[in-house]
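**Q** The structure's right below; bear with me while I get my questions together.
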Amino acid sequence: MVDHEADTSAGAAVADVDGIDRRDSLGVASDGILARVRTGADELTGALRRVAEHVLSDPAAAARATIVELAERSGTSPATVTRFCRAMGFEGYADLRLGIAAETGRARSAGWSVDIGREIQPGDPLERVLEQIIAADTRAMHDTAALLDLAEVERAAVAIAGASRVNIFGASGSALVGEEMQFSLHRIGVAAWAWNDVHSGLAAAALLRPGDVALGISHSGQTREAIEMLAEGGSRGATTIALTGFRRSPLAELADIVLLTASQATTFRPDALSARHPQLVVLDLLYIAVAQRTHDRAHAAFRRTAQAVDGHKAARAASA
């Protein structure tokens, strides 16, 4: 049954998503379509959201369906499907359909589609579980590459390379990711601190000044602690960077620079957990970009820090 009444609210929802970034950072129109839909789905309402959810539930079937079939299956109308296509940055349904077909075809040939979306059962052998995790992580990595704006990474690297102080804010799992980044930056001589306690983090953020950097990490972009700490740093004039999965989240809206990541949830690994590996990849890219821009200083710092622990490595080897 086609829901014509939903079209009015759908039209309003199109206006709400005009701010979605529809560019493919790799310059390939058919890359990252499903990641774009997945990221944008939470920003859609009413009938448009139903179309997005149906496409994500079975992309291969959506690629085979006519516009009328997709409308009927999602309980909307062809006009709503057309609005959805425009919201996702396509001129019409044919372009969206071809793009999804190309992406799902690549996924099948690369093995990314194996077990993605399938629930892990208690009796599943570890071999099958491993295949599902690898497939999901591979998909998430490629989706992240498609979503990531490399110009934003460049801006973030320049800001960190020139900063006198870098504060990294996150809570729970995001705090662990932030600590990895702090460790990497510290090894190349960048004065960086990672904060997961909101009281300590707010105190540290209050001491930031123009020229410093505040990096907030939250997959949902709605973690209150991360938002508060990043906001405090920004109010003191620091350059603010958000690492998140949602461009229009509160954390992203606070930031001068937004680095987007994708995730591919699996059983026992909801979005927040499955986002860790893509987050680490983006931060690793950012860390290397900083090291490139501070090459001489970074190389010297890395050599000195490596030499400082050489004695302990030798001691372990001798005692083995």
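As shown in the structure tokens, the chain order sets the letters A, B, ...; within each chain, residues go from 1, and ligands are also counted from 1 in the order they appear.
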Report as a VMD selection string all protein, DNA and RNA residues lying within 7 Å of Ile227 (chain A), evaluated on only C-alpha atoms, omitting residues in the same chain fewer than 4 positions from it.
**A** chain A and resid 223 231 251
**Q** Output all heavy atoms of each residue in that selection to a file, as a tab-separated table (two decimals), in the first residue's frame.
**A**
```tsv
chain	number	residue	atom	x	y	z
A	223	THR	N	27.66	12.46	22.70
A	223	THR	CA	28.16	12.21	24.05
A	223	THR	C	28.35	13.54	24.78
A	223	THR	O	29.15	14.38	24.36
A	223	THR	CB	29.49	11.45	24.00
A	223	THR	OG1	29.31	10.24	23.25
A	223	THR	CG2	29.98	11.12	25.40
A	231	ALA	N	33.43	22.11	23.50
A	231	ALA	CA	32.86	23.46	23.52
A	231	ALA	C	33.71	24.40	24.37
A	231	ALA	O	33.94	25.56	24.01
A	231	ALA	CB	31.42	23.42	24.04
A	251	LEU	N	28.23	17.40	18.28
A	251	LEU	CA	29.69	17.52	18.34
A	251	LEU	C	30.23	18.11	17.04
A	251	LEU	O	31.09	19.00	17.07
A	251	LEU	CB	30.32	16.15	18.59
A	251	LEU	CG	31.83	16.15	18.84
A	251	LEU	CD1	32.13	16.69	20.24
A	251	LEU	CD2	32.42	14.75	18.69
```
**Q** Fewer than 2 positions away in the same chain doesn't count, so skip those; otherwise give me all residues within 12 Å of His54 (chain A), counting only C-alpha atoms, as a short mmCIF file (atom, residue, chain, number, x, y, z; two decimals) with C-alpha atoms, in the first residue's frame.
**A**
```cif
data_model
loop_
_atom_site.label_atom_id
_atom_site.label_comp_id
_atom_site.auth_asym_id
_atom_site.auth_seq_id
_atom_site.Cartn_x
_atom_site.Cartn_y
_atom_site.Cartn_z
CA LEU A 34 25.34 3.04 1.12
CA VAL A 37 22.55 6.64 3.03
CA ARG A 38 23.44 5.06 6.38
CA ALA A 41 19.24 8.10 7.50
CA ALA A 47 8.60 8.66 4.38
CA LEU A 48 12.16 9.55 3.35
CA ARG A 49 13.52 7.62 6.29
CA ARG A 50 11.44 4.58 5.37
CA VAL A 51 12.97 4.60 1.89
CA ALA A 52 16.47 4.80 3.38
CA LEU A 56 19.83 -0.42 3.63
CA SER A 57 17.95 -3.57 4.61
CA ASP A 58 18.52 -5.14 1.18
CA PRO A 59 20.65 -3.02 -1.17
CA ALA A 60 20.83 -5.71 -3.85
CA ALA A 61 17.04 -5.93 -4.02
CA ALA A 62 16.77 -2.13 -4.15
CA ALA A 63 19.18 -2.07 -7.08
CA ALA A 65 13.65 -2.79 -8.14
CA GLU A 69 8.44 -1.38 -6.66
CA LEU A 70 10.75 0.41 -4.22
CA ALA A 71 7.94 2.83 -3.34
CA GLU A 72 5.50 -0.01 -2.68
CA ARG A 73 7.99 -2.01 -0.62
CA SER A 74 8.86 0.99 1.54
CA GLY A 75 5.22 2.06 1.88
CA THR A 76 5.77 5.41 0.19
CA VAL A 81 11.63 7.98 -3.78
CA PHE A 84 15.02 10.69 -1.45
#
```
**Q** With a distance cut-off of 10 Å and only C-alpha atoms, select the neighbouring residues of Thr261 (chain A), excluding the residue or stretch itself and same-chain residues fewer than 4 positions from it, and output the selection as a VMD selection string.
**A** chain A and resid 35 39 140 to 148 219 243 to 247 275 to 282
**Q** Mind pulling up the distance from CA of Ala136 (chain A) to CA of Ser274 (chain A)?
**A**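 According to the coordinates, CA of Ser274 (chain A) and CA of Ala136 (chain A) are separated by 8.5 Å.
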**Q** Per DSSP on the backbone, what are the strand (DSSP E or B) residues of region 76-296 of chain A, as a list in words?
**A**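 For region 76-296 of chain A, the strand (DSSP E or B) set is Val166, Asn167, Ile168, Phe169, Ala192, Trp193, Ala194, Trp195, Val213, Ala214, Leu215, Gly216, Ile217, Thr239, Thr240, Ile241, Ala242, Leu243, Thr244, Ile257, Val258, Leu259, Leu260, Thr266 and Arg269 of chain A.
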**Q** Kindly give the distance, in Å, that separates CA of Ala238 (chain A) and CA of Ser172 (chain A), rounded to a single decimal.
**A**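 CA of Ser172 (chain A) lies 23.6 Å from CA of Ala238 (chain A).
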**Q** Would you list, as a VMD selection string, the residues of region 70-167 of chain A that end up in helix (DSSP H, G or I) under DSSP run on this structure's backbone?
**A** chain A and resid 70 to 74 78 to 87 93 to 110 126 to 147 150 to 161
**Q** Rounded to one decimal in Å, what is the spacing between CA of Gly173 (chain A) and CA of Leu273 (chain A)?
**A**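 Result for CA of Gly173 (chain A) versus CA of Leu273 (chain A): 7.3 Å, one decimal.
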**Q** Which one is closest to Ser184 (chain A): A:Leu285, A:Leu202, A:Leu44, A:Ala308? Count only C-alpha atoms.
**A**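 Counting only C-alpha atoms, the residue closest to Ser184 (chain A) is A:Leu285.
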**Q** Which is closest to Arg293 (chain A) among A:Arg165, A:Arg97, A:Arg155, A:Arg83, if we use only C-alpha atoms?
**A**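 Ranked by minimum distance to Arg293 (chain A), first place goes to A:Arg155.
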**Q** Quick one: of A:Asp310, A:Asp149, A:Glu232, A:Asp284, who's nearest to Leu185 (chain A), counting only C-alpha atoms?
**A**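 Of A:Asp310, A:Asp149, A:Glu232, A:Asp284, the one nearest Leu185 (chain A) is A:Asp284, counting only C-alpha atoms.
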**Q** Please provide the set of residues having any atom within 7 Å of Ala242 (chain A), restricted to only C-alpha atoms, with same-chain residues fewer than 4 positions apart removed, written as JSON, numbers by chain.
**A** {"A": [215, 216, 217, 251, 252, 255, 257, 258, 259]}
